[in-house]
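Engineer: This is the content of final.cif (mmCIF, C-alpha atoms):
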data_model
#
loop_
_atom_site.group_PDB
_atom_site.id
_atom_site.type_symbol
_atom_site.label_atom_id
_atom_site.label_comp_id
_atom_site.auth_asym_id
_atom_site.auth_seq_id
_atom_site.Cartn_x
_atom_site.Cartn_y
_atom_site.Cartn_z
ATOM 1 C CA MET A 19 8.695 -2.108 -14.036
ATOM 2 C CA ARG A 20 6.912 0.750 -12.303
ATOM 3 C CA LEU A 21 3.254 1.427 -12.993
ATOM 4 C CA CYS A 22 0.912 4.111 -11.733
ATOM 5 C CA THR A 23 -2.514 5.508 -12.563
ATOM 6 C CA ILE A 24 -2.722 9.178 -13.483
ATOM 7 C CA LEU A 25 -5.419 11.582 -14.587
ATOM 8 C CA SER A 26 -5.187 12.281 -18.318
ATOM 9 C CA GLY A 27 -7.794 14.393 -20.092
ATOM 10 C CA GLY A 28 -10.082 13.964 -17.112
ATOM 11 C CA LYS A 29 -9.877 10.163 -17.253
ATOM 12 C CA PRO A 30 -7.727 7.526 -15.523
ATOM 13 C CA ALA A 31 -4.751 6.388 -17.591
ATOM 14 C CA VAL A 32 -1.884 3.991 -17.033
ATOM 15 C CA GLY A 33 1.446 5.649 -16.340
ATOM 16 C CA VAL A 34 4.750 3.880 -17.017
ATOM 17 C CA LYS A 35 7.828 5.240 -15.248
ATOM 18 C CA LEU A 36 11.136 4.962 -17.078
ATOM 19 C CA GLY A 37 13.451 6.309 -14.369
ATOM 20 C CA ASP A 38 14.143 9.720 -15.890
ATOM 21 C CA GLY A 39 11.591 11.696 -13.911
ATOM 22 C CA LYS A 40 9.016 11.257 -16.648
ATOM 23 C CA ILE A 41 5.823 9.218 -16.792
ATOM 24 C CA VAL A 42 4.678 7.824 -20.120
ATOM 25 C CA ASP A 43 0.915 8.250 -20.503
ATOM 26 C CA LEU A 44 -0.063 4.927 -22.040
ATOM 27 C CA SER A 45 -3.378 6.280 -23.321
ATOM 28 C CA LYS A 46 -1.337 8.534 -25.625
ATOM 29 C CA GLN A 47 1.615 6.240 -26.287
ATOM 30 C CA MET A 48 -0.484 3.102 -26.949
ATOM 31 C CA PRO A 49 -4.064 4.253 -27.646
ATOM 32 C CA ARG A 50 -5.104 0.675 -28.406
ATOM 33 C CA GLY A 51 -3.044 -0.818 -25.611
ATOM 34 C CA PRO A 52 -3.929 -1.881 -22.050
ATOM 35 C CA LYS A 53 -6.396 0.383 -20.277
ATOM 36 C CA SER A 54 -5.530 -0.368 -16.637
ATOM 37 C CA VAL A 55 -2.654 -1.276 -14.355
ATOM 38 C CA VAL A 56 -4.452 -4.492 -13.406
ATOM 39 C CA GLU A 57 -4.644 -5.551 -17.057
ATOM 40 C CA ILE A 58 -0.878 -5.126 -17.412
ATOM 41 C CA LEU A 59 -0.115 -6.935 -14.160
ATOM 42 C CA ALA A 60 -2.431 -9.818 -15.012
ATOM 43 C CA GLY A 61 -0.922 -10.019 -18.496
ATOM 44 C CA GLY A 62 2.377 -11.196 -17.062
ATOM 45 C CA LYS A 63 5.902 -10.707 -18.341
ATOM 46 C CA LYS A 64 4.994 -10.961 -22.028
ATOM 47 C CA LEU A 65 2.567 -8.041 -21.940
ATOM 48 C CA GLN A 66 4.771 -6.066 -19.548
ATOM 49 C CA GLN A 67 7.759 -6.388 -21.870
ATOM 50 C CA ALA A 68 5.602 -5.305 -24.813
ATOM 51 C CA VAL A 69 4.504 -2.210 -22.897
ATOM 52 C CA LEU A 70 8.079 -1.350 -21.940
ATOM 53 C CA LYS A 71 9.216 -1.756 -25.531
ATOM 54 C CA ALA A 72 6.422 0.514 -26.756
ATOM 55 C CA CYS A 73 7.375 3.151 -24.166
ATOM 56 C CA ALA A 74 11.123 3.102 -24.897
ATOM 57 C CA LYS A 75 10.779 6.024 -27.306
ATOM 58 C CA PRO A 76 7.911 8.200 -26.061
ATOM 59 C CA LYS A 77 5.890 10.135 -28.604
ATOM 60 C CA ALA A 78 5.704 13.910 -28.473
ATOM 61 C CA GLY A 79 3.146 14.906 -25.860
ATOM 62 C CA ALA A 80 2.935 11.412 -24.368
ATOM 63 C CA THR A 81 4.886 12.140 -21.185
ATOM 64 C CA VAL A 82 4.308 14.111 -18.011
ATOM 65 C CA SER A 83 6.783 14.866 -15.249
ATOM 66 C CA GLU A 84 6.481 12.958 -11.989
ATOM 67 C CA LYS A 85 6.273 16.274 -10.122
ATOM 68 C CA SER A 86 3.335 17.632 -12.117
ATOM 69 C CA ALA A 87 1.386 14.392 -12.609
ATOM 70 C CA LYS A 88 -2.055 14.142 -11.024
ATOM 71 C CA TYR A 89 -1.926 10.744 -9.338
ATOM 72 C CA LEU A 90 -4.834 8.452 -8.684
ATOM 73 C CA THR A 91 -4.422 5.357 -6.536
ATOM 74 C CA PRO A 92 -2.466 2.828 -8.634
ATOM 75 C CA ILE A 93 -5.422 0.443 -8.542
ATOM 76 C CA PRO A 94 -8.439 2.771 -8.291
ATOM 77 C CA ALA A 95 -10.887 0.144 -6.989
ATOM 78 C CA PRO A 96 -9.300 -3.080 -5.745
ATOM 79 C CA GLY A 97 -11.697 -6.009 -5.553
ATOM 80 C CA LYS A 98 -10.384 -6.939 -2.117
ATOM 81 C CA ILE A 99 -8.363 -4.920 0.389
ATOM 82 C CA LEU A 100 -7.097 -7.388 2.985
ATOM 83 C CA CYS A 101 -5.137 -6.041 5.940
ATOM 84 C CA ILE A 102 -2.931 -7.728 8.508
ATOM 85 C CA GLY A 103 -2.664 -6.448 12.084
ATOM 86 C CA LEU A 104 0.191 -6.780 14.578
ATOM 87 C CA ASN A 105 2.480 -8.371 11.990
ATOM 88 C CA TYR A 106 5.796 -6.826 13.067
ATOM 89 C CA ARG A 107 7.254 -8.344 16.205
ATOM 90 C CA LYS A 108 8.442 -5.022 17.669
ATOM 91 C CA HIS A 109 5.089 -3.359 16.946
ATOM 92 C CA ALA A 110 3.200 -6.114 18.759
ATOM 93 C CA GLU A 111 5.587 -5.657 21.677
ATOM 94 C CA GLU A 112 5.191 -1.854 21.789
ATOM 95 C CA THR A 113 1.392 -2.192 21.991
ATOM 96 C CA GLY A 114 1.609 -4.797 24.772
ATOM 97 C CA SER A 115 -0.096 -7.381 22.561
ATOM 98 C CA PRO A 116 0.803 -11.073 22.506
ATOM 99 C CA ILE A 117 2.702 -12.220 19.416
ATOM 100 C CA PRO A 118 0.018 -13.548 17.040
ATOM 101 C CA GLN A 119 0.047 -17.253 16.342
ATOM 102 C CA TYR A 120 -2.011 -16.752 13.173
ATOM 103 C CA PRO A 121 -2.393 -13.650 10.961
ATOM 104 C CA VAL A 122 -4.793 -11.038 12.337
ATOM 105 C CA VAL A 123 -6.969 -10.164 9.330
ATOM 106 C CA PHE A 124 -9.350 -7.263 8.781
ATOM 107 C CA THR A 125 -10.611 -5.378 5.728
ATOM 108 C CA ARG A 126 -10.619 -1.917 4.252
ATOM 109 C CA PHE A 127 -12.966 -0.502 1.635
ATOM 110 C CA ASN A 128 -12.430 1.681 -1.417
ATOM 111 C CA ASN A 129 -13.910 4.807 0.213
ATOM 112 C CA THR A 130 -10.793 4.957 2.396
ATOM 113 C CA LEU A 131 -8.213 5.090 -0.405
ATOM 114 C CA VAL A 132 -6.212 8.273 -1.061
ATOM 115 C CA PRO A 133 -3.584 8.677 -3.815
ATOM 116 C CA HIS A 134 -0.040 9.970 -3.579
ATOM 117 C CA LYS A 135 -0.154 13.751 -2.959
ATOM 118 C CA GLY A 136 -3.816 13.426 -1.970
ATOM 119 C CA LYS A 137 -5.261 14.508 1.357
ATOM 120 C CA MET A 138 -5.710 11.988 4.156
ATOM 121 C CA LEU A 139 -8.669 13.085 6.246
ATOM 122 C CA ALA A 140 -8.759 13.605 9.981
ATOM 123 C CA THR A 141 -12.221 13.197 11.497
ATOM 124 C CA THR A 142 -14.247 15.418 13.821
ATOM 125 C CA HIS A 143 -15.174 12.254 15.764
ATOM 126 C CA SER A 144 -11.679 11.674 17.151
ATOM 127 C CA LYS A 145 -8.288 13.259 17.747
ATOM 128 C CA GLU A 146 -6.485 9.898 17.685
ATOM 129 C CA PHE A 147 -5.394 9.758 14.029
ATOM 130 C CA ASP A 148 -2.309 7.545 13.690
ATOM 131 C CA TRP A 149 0.078 6.636 10.875
ATOM 132 C CA GLU A 150 1.115 3.139 9.803
ATOM 133 C CA ALA A 151 3.719 2.514 7.079
ATOM 134 C CA GLU A 152 2.912 -0.754 5.324
ATOM 135 C CA LEU A 153 4.168 -2.899 2.453
ATOM 136 C CA THR A 154 1.372 -3.818 0.052
ATOM 137 C CA ILE A 155 1.227 -7.039 -1.972
ATOM 138 C CA VAL A 156 -0.564 -6.841 -5.325
ATOM 139 C CA ILE A 157 -2.030 -10.080 -6.687
ATOM 140 C CA GLY A 158 -1.526 -10.749 -10.410
ATOM 141 C CA LYS A 159 -3.135 -14.175 -10.938
ATOM 142 C CA LYS A 160 -6.478 -15.639 -9.981
ATOM 143 C CA CYS A 161 -5.663 -18.274 -7.393
ATOM 144 C CA ARG A 162 -6.958 -20.440 -4.563
ATOM 145 C CA ASN A 163 -5.178 -22.753 -2.107
ATOM 146 C CA VAL A 164 -1.728 -21.574 -3.172
ATOM 147 C CA PRO A 165 1.113 -23.660 -1.690
ATOM 148 C CA LYS A 166 3.539 -21.537 0.287
ATOM 149 C CA GLU A 167 6.436 -22.471 -1.981
ATOM 150 C CA LYS A 168 4.489 -21.165 -5.008
ATOM 151 C CA ALA A 169 3.004 -18.055 -3.392
ATOM 152 C CA LEU A 170 5.479 -15.617 -4.925
ATOM 153 C CA SER A 171 4.411 -16.716 -8.412
ATOM 154 C CA VAL A 172 0.948 -15.123 -8.017
ATOM 155 C CA ILE A 173 2.307 -11.735 -6.888
ATOM 156 C CA ALA A 174 2.479 -9.068 -9.588
ATOM 157 C CA GLY A 175 3.995 -6.260 -7.553
ATOM 158 C CA TYR A 176 4.398 -4.280 -4.359
ATOM 159 C CA ALA A 177 3.438 -0.768 -3.249
ATOM 160 C CA CYS A 178 3.449 1.629 -0.282
ATOM 161 C CA PHE A 179 0.427 2.083 1.973
ATOM 162 C CA ASN A 180 -0.309 4.356 4.928
ATOM 163 C CA ASP A 181 -2.886 2.521 7.018
ATOM 164 C CA GLY A 182 -4.229 5.613 8.767
ATOM 165 C CA SER A 183 -5.961 4.501 11.949
ATOM 166 C CA ILE A 184 -8.509 6.087 14.285
ATOM 167 C CA ARG A 185 -7.295 4.443 17.482
ATOM 168 C CA ASP A 186 -10.134 5.120 19.903
ATOM 169 C CA TRP A 187 -12.612 3.679 17.398
ATOM 170 C CA GLN A 188 -10.588 0.473 17.378
ATOM 171 C CA ARG A 189 -11.086 0.314 21.153
ATOM 172 C CA LYS A 190 -14.786 1.234 20.932
ATOM 173 C CA SER A 191 -15.515 -1.852 18.880
ATOM 174 C CA GLY A 192 -13.974 -4.233 21.379
ATOM 175 C CA GLY A 193 -10.597 -4.414 19.700
ATOM 176 C CA GLN A 194 -12.000 -5.201 16.261
ATOM 177 C CA PHE A 195 -10.006 -3.164 13.741
ATOM 178 C CA THR A 196 -12.545 -2.565 10.964
ATOM 179 C CA LEU A 197 -14.285 0.608 12.210
ATOM 180 C CA GLY A 198 -11.050 2.353 13.146
ATOM 181 C CA LYS A 199 -9.579 1.575 9.734
ATOM 182 C CA ASN A 200 -12.467 2.615 7.499
ATOM 183 C CA PHE A 201 -13.074 6.310 8.039
ATOM 184 C CA ASP A 202 -13.278 8.044 4.659
ATOM 185 C CA GLY A 203 -9.971 9.078 3.129
ATOM 186 C CA THR A 204 -7.661 7.557 5.741
ATOM 187 C CA GLY A 205 -5.644 5.098 3.615
ATOM 188 C CA GLY A 206 -2.796 6.473 1.506
ATOM 189 C CA PHE A 207 -1.917 4.164 -1.423
ATOM 190 C CA GLY A 208 0.755 4.656 -4.087
ATOM 191 C CA PRO A 209 2.349 6.229 -5.942
ATOM 192 C CA ASP A 210 3.526 3.186 -7.918
ATOM 193 C CA ILE A 211 3.324 -0.567 -8.159
ATOM 194 C CA VAL A 212 6.778 -2.071 -8.556
ATOM 195 C CA THR A 213 7.147 -5.517 -10.124
ATOM 196 C CA PRO A 214 8.945 -8.203 -8.078
ATOM 197 C CA ASP A 215 11.989 -8.372 -10.362
ATOM 198 C CA GLU A 216 13.137 -4.997 -8.985
ATOM 199 C CA LEU A 217 13.104 -6.141 -5.349
ATOM 200 C CA PRO A 218 14.548 -8.852 -3.102
ATOM 201 C CA LYS A 219 12.702 -12.167 -3.142
ATOM 202 C CA GLY A 220 9.539 -11.836 -1.061
ATOM 203 C CA ALA A 221 10.227 -8.086 -0.624
ATOM 204 C CA ALA A 222 12.548 -8.703 2.332
ATOM 205 C CA PRO A 223 14.648 -7.227 3.670
ATOM 206 C CA LEU A 224 13.494 -3.716 2.756
ATOM 207 C CA ARG A 225 13.811 -0.646 4.937
ATOM 208 C CA ILE A 226 10.393 0.829 5.784
ATOM 209 C CA MET A 227 9.912 4.295 7.296
ATOM 210 C CA THR A 228 7.402 6.982 8.227
ATOM 211 C CA ARG A 229 8.206 10.694 8.475
ATOM 212 C CA VAL A 230 5.830 13.323 9.844
ATOM 213 C CA ASN A 231 6.767 16.889 8.918
ATOM 214 C CA GLY A 232 10.244 15.574 8.095
ATOM 215 C CA VAL A 233 10.765 13.832 11.455
ATOM 216 C CA THR A 234 11.342 10.063 11.310
ATOM 217 C CA MET A 235 8.731 8.202 13.361
ATOM 218 C CA GLN A 236 9.073 4.638 12.066
ATOM 219 C CA ASP A 237 12.317 3.072 10.850
ATOM 220 C CA SER A 238 12.379 -0.687 10.494
ATOM 221 C CA SER A 239 12.746 -3.518 7.988
ATOM 222 C CA THR A 240 10.352 -5.983 6.418
ATOM 223 C CA ASP A 241 12.480 -8.778 7.850
ATOM 224 C CA ASP A 242 10.747 -8.053 11.195
ATOM 225 C CA LEU A 243 7.482 -9.409 9.759
ATOM 226 C CA ILE A 244 6.023 -12.199 11.859
ATOM 227 C CA PHE A 245 4.167 -13.713 8.877
ATOM 228 C CA ASP A 246 6.141 -13.137 5.694
ATOM 229 C CA VAL A 247 4.786 -12.462 2.221
ATOM 230 C CA PRO A 248 4.501 -16.110 1.060
ATOM 231 C CA THR A 249 2.791 -17.112 4.312
ATOM 232 C CA LEU A 250 0.153 -14.393 3.992
ATOM 233 C CA VAL A 251 -0.727 -15.318 0.407
ATOM 234 C CA HIS A 252 -0.796 -19.011 1.311
ATOM 235 C CA GLU A 253 -3.081 -18.571 4.319
ATOM 236 C CA LEU A 254 -5.495 -16.073 2.762
ATOM 237 C CA SER A 255 -5.874 -18.171 -0.376
ATOM 238 C CA LYS A 256 -7.104 -21.052 1.769
ATOM 239 C CA CYS A 257 -10.171 -18.965 2.626
ATOM 240 C CA MET A 258 -10.980 -17.200 -0.612
ATOM 241 C CA THR A 259 -10.142 -16.852 -4.268
ATOM 242 C CA LEU A 260 -7.631 -14.061 -4.815
ATOM 243 C CA ASP A 261 -8.048 -12.103 -8.048
ATOM 244 C CA PRO A 262 -5.749 -9.855 -10.087
ATOM 245 C CA GLY A 263 -5.695 -6.403 -8.510
ATOM 246 C CA ASP A 264 -6.538 -7.599 -4.990
ATOM 247 C CA ILE A 265 -4.187 -6.116 -2.421
ATOM 248 C CA ILE A 266 -2.839 -7.404 0.879
ATOM 249 C CA ILE A 267 -1.580 -4.744 3.315
ATOM 250 C CA THR A 268 0.961 -6.547 5.436
ATOM 251 C CA GLY A 269 1.142 -4.691 8.764
ATOM 252 C CA THR A 270 3.158 -1.871 10.303
ATOM 253 C CA PRO A 271 6.440 -1.739 12.241
ATOM 254 C CA SER A 272 7.014 -0.134 15.624
ATOM 255 C CA GLY A 273 6.964 3.621 16.104
ATOM 256 C CA VAL A 274 3.269 4.478 15.844
ATOM 257 C CA ALA A 275 1.849 7.517 17.658
ATOM 258 C CA MET A 276 -0.289 5.327 19.929
ATOM 259 C CA ALA A 277 2.819 3.821 21.562
ATOM 260 C CA ARG A 278 4.580 7.164 22.208
ATOM 261 C CA LYS A 279 4.483 9.489 25.201
ATOM 262 C CA PRO A 280 3.157 12.060 24.522
ATOM 263 C CA GLN A 281 1.109 10.746 21.609
ATOM 264 C CA PRO A 282 1.737 12.992 18.565
ATOM 265 C CA TRP A 283 -1.500 12.302 16.671
ATOM 266 C CA LEU A 284 -1.742 13.425 13.065
ATOM 267 C CA LYS A 285 -3.533 16.747 12.622
ATOM 268 C CA PRO A 286 -4.588 18.955 9.712
ATOM 269 C CA GLY A 287 -1.580 20.535 8.020
ATOM 270 C CA ASP A 288 0.822 17.686 8.800
ATOM 271 C CA VAL A 289 2.685 16.016 5.950
ATOM 272 C CA CYS A 290 3.063 12.261 6.371
ATOM 273 C CA GLU A 291 5.482 10.276 4.198
ATOM 274 C CA VAL A 292 5.829 6.514 3.945
ATOM 275 C CA GLU A 293 9.019 5.305 2.312
ATOM 276 C CA ILE A 294 9.900 1.720 1.422
ATOM 277 C CA GLU A 295 13.331 0.931 0.050
ATOM 278 C CA GLY A 296 13.242 0.142 -3.663
ATOM 279 C CA ILE A 297 9.552 1.030 -3.962
ATOM 280 C CA GLY A 298 9.363 4.760 -3.335
ATOM 281 C CA ILE A 299 7.811 7.517 -1.237
ATOM 282 C CA LEU A 300 4.097 7.975 -0.614
ATOM 283 C CA SER A 301 3.362 11.527 0.567
ATOM 284 C CA ASN A 302 0.064 12.814 1.934
ATOM 285 C CA THR A 303 -1.030 16.021 3.599
ATOM 286 C CA ILE A 304 -3.491 15.708 6.471
ATOM 287 C CA ALA A 305 -6.692 17.709 6.046
ATOM 288 C CA GLN A 306 -9.874 18.065 8.092
ATOM 289 C CA GLY A 307 -12.666 15.691 7.138
ATOM 290 C CA ALA A 308 -16.115 15.045 8.492
#
What does this structure look like when you write it as structure tokens?
Structural biologist:
Amino acid sequence: MRLCTILSGGKPAVGVKLGDGKIVDLSKQMPRGPKSVVEILAGGKKLQQAVLKACAKPKAGATVSEKSAKYLTPIPAPGKILCIGLNYRKHAEETGSPIPQYPVVFTRFNNTLVPHKGKMLATTHSKEFDWEAELTIVIGKKCRNVPKEKALSVIAGYACFNDGSIRDWQRKSGGQFTLGKNFDGTGGFGPDIVTPDELPKGAAPLRIMTRVNGVTMQDSSTDDLIFDVPTLVHELSKCMTLDPGDIIITGTPSGVAMARKPQPWLKPGDVCEVEIEGIGILSNTIAQGA
């Protein structure tokens, strides 16, 4: 199942993709049905199957093409945005960092999120705007202290993320990631959330890529993760309750601008695409921000 959030009549609405280039607007197809992607994910297979059944024969006027849809982020305001740094072995090596012995965790906030086809914002405070293709885990069940062997059972889906990073601001704060990751409009998220049944167990192996203006910059696989999907859910749930709609952004592979010579930082006018096998393509244009 593929779910997105689109703008319909000036309001957010759930979009259900059926694989024919069309999105079913659930607010028109099921006016009394679920009102958010999180509600459907948290409802589990029973509700998801009911939604799919209801969308099998779309009503007149209840669909929009994927090309013309106005996307919002698939979860407009996640309760928690938890990010993992240096989680691909080759990326840690290219930055000269030691291989982490425990997940490196930092946070993002909702002011940073940008939807598919939206504009990721460069800042006047830095020229060092970098890309980071990342697999995103979406939590579907409220949970705490989840055993590793049961971690996949609390995951409702996966998505693409572009963890846009202001590199010199990471250095300014003594290597802490939070400031460099929380400039307004720097985190691309979307277009869809894909349920686990459409992907390999634990979302690995999946090819993960970044293209800038059509040129491939990152090309790796999620099997290079140091801490895999079950491990991340297991460890984070030791510290805090995870709720439906929380997202975990799992780290980026090698090939970032920071590690290249010369360093081809993102600039206004660039088009940056993140593609993850089986999940889709997240595309954002870079624009000038504050």
Engineer: Which is closest to Val212 (chain A) among A:Pro133, A:Gly28, A:Pro282, A:Gly298, if we use only C-alpha atoms?
Structural biologist: A:Gly298
Engineer: Which residues come within 9 Å of Ala177 (chain A), counting all atoms listed in the file, excluding same-chain residues fewer than 4 positions away, as a PDB file with C-alpha atoms, in the coordinates of the input?
Structural biologist:
ATOM      1  CA  PRO A  92      -2.466   2.828  -8.634  1.00  0.00           C
ATOM      2  CA  GLU A 152       2.912  -0.754   5.324  1.00  0.00           C
ATOM      3  CA  LEU A 153       4.168  -2.899   2.453  1.00  0.00           C
ATOM      4  CA  THR A 154       1.372  -3.818   0.052  1.00  0.00           C
ATOM      5  CA  ILE A 155       1.227  -7.039  -1.972  1.00  0.00           C
ATOM      6  CA  VAL A 156      -0.564  -6.841  -5.325  1.00  0.00           C
ATOM      7  CA  PHE A 207      -1.917   4.164  -1.423  1.00  0.00           C
ATOM      8  CA  GLY A 208       0.755   4.656  -4.087  1.00  0.00           C
ATOM      9  CA  PRO A 209       2.349   6.229  -5.942  1.00  0.00           C
ATOM     10  CA  ASP A 210       3.526   3.186  -7.918  1.00  0.00           C
ATOM     11  CA  ILE A 211       3.324  -0.567  -8.159  1.00  0.00           C
ATOM     12  CA  VAL A 212       6.778  -2.071  -8.556  1.00  0.00           C
ATOM     13  CA  ILE A 294       9.900   1.720   1.422  1.00  0.00           C
ATOM     14  CA  ILE A 297       9.552   1.030  -3.962  1.00  0.00           C
ATOM     15  CA  GLY A 298       9.363   4.760  -3.335  1.00  0.00           C
TER      16      GLY A 298
END
Engineer: For a cutoff of 10 Å around the file-coordinate point (-6.6, 3.1, 0.4), which residues qualify once you count only C-alpha atoms? I'd like the result as an MDAnalysis selection string.
Structural biologist: chainID A and resid 91:96 99 126:133 138 179:182 199:200 202:208 265 267
Engineer: Applying the PyMOL selection byres ((chain A and resi 48-61) around 9) to the file I just gave you, which residues come out? Please list them as a ChimeraX atom specification.
Structural biologist: /A:21-23,30-33,43-47,62-66,69,72-73,92-93,156-160,174-175,211,213,262-263
Engineer: With only C-alpha atoms as the atoms that count, which of A:Met19, A:Val230, A:His143, A:Lys256 lies nearest to Ala68 (chain A)?
Structural biologist: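 For Ala68 (chain A), the nearest of the candidates is A:Met19.
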Engineer: Can you tell me, as a PyMOL selection string, what residues are no more than 7 Å from Arg162 (chain A) when counting all atoms listed in the file, ignoring any on the same chain fewer than 5 positions away?
Structural biologist: chain A and resi 255-256+258-260
Engineer: When you look at Pro271 (chain A) with a cut-off of 10 Å (counting all atoms listed in the file), what residues show up, excluding the ones that are within fewer than 6 positions of it in the same chain? I need them as an NGL selection string.
Structural biologist: :A and (104-110 or 112 or 150-152 or 226-228 or 236-240 or 242-243)
Engineer: Report the residues retrieved by the PyMOL selection byres ((chain A and resi 82) around 12) from the displayed file, expressed as a ChimeraX atom specification.
Structural biologist: /A:24-26,31-36,38-44,46-47,76-81,83-89
Engineer: Hey, can you pull every residue with an atom no more than 8 Å from (2.7, 11.4, 10.5), using only C-alpha atoms, and send it as number ranges by chain?
Structural biologist: A: 148-149, 228-231, 235, 283-284, 288-291
Engineer: Given all atoms listed in the file as the basis, pick out the residue of A:Lys285, A:Leu217, A:Gly97, A:Cys161 nearest to Ile184 (chain A).
Structural biologist: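 With all atoms listed in the file as the atom set, the closest residue is A:Lys285.
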Engineer: Given the file above and the PyMOL selection byres ((chain A and resi 218) around 12), which residues are selected, and can you give them as a PyMOL selection string?
Structural biologist: chain A and resi 170+175-176+212-217+219-225+240-241+247+295-297
Engineer: For a test of reading the model, state the distance in Å between CA of Gly103 (chain A) and CA of Ile117 (chain A), rounded to one decimal.
Structural biologist: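 Computed distance, CA of Gly103 (chain A) to CA of Ile117 (chain A), equals 10.8 Å.
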Engineer: Rank A:Ser183, A:Lys279, A:Ser171, A:Val292 by their smallest atom-to-atom distance to Leu139 (chain A), using all atoms listed in the file, and report the top residue only.
Structural biologist: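 Comparing A:Ser183, A:Lys279, A:Ser171, A:Val292 against Leu139 (chain A), the winner is A:Ser183.
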Engineer: Quick one: pull the distance between CA of Thr141 (chain A) and CA of Leu197 (chain A), Å, one decimal.
Structural biologist: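 Interatomic distance, CA of Thr141 (chain A) to CA of Leu197 (chain A): 12.8 Å.
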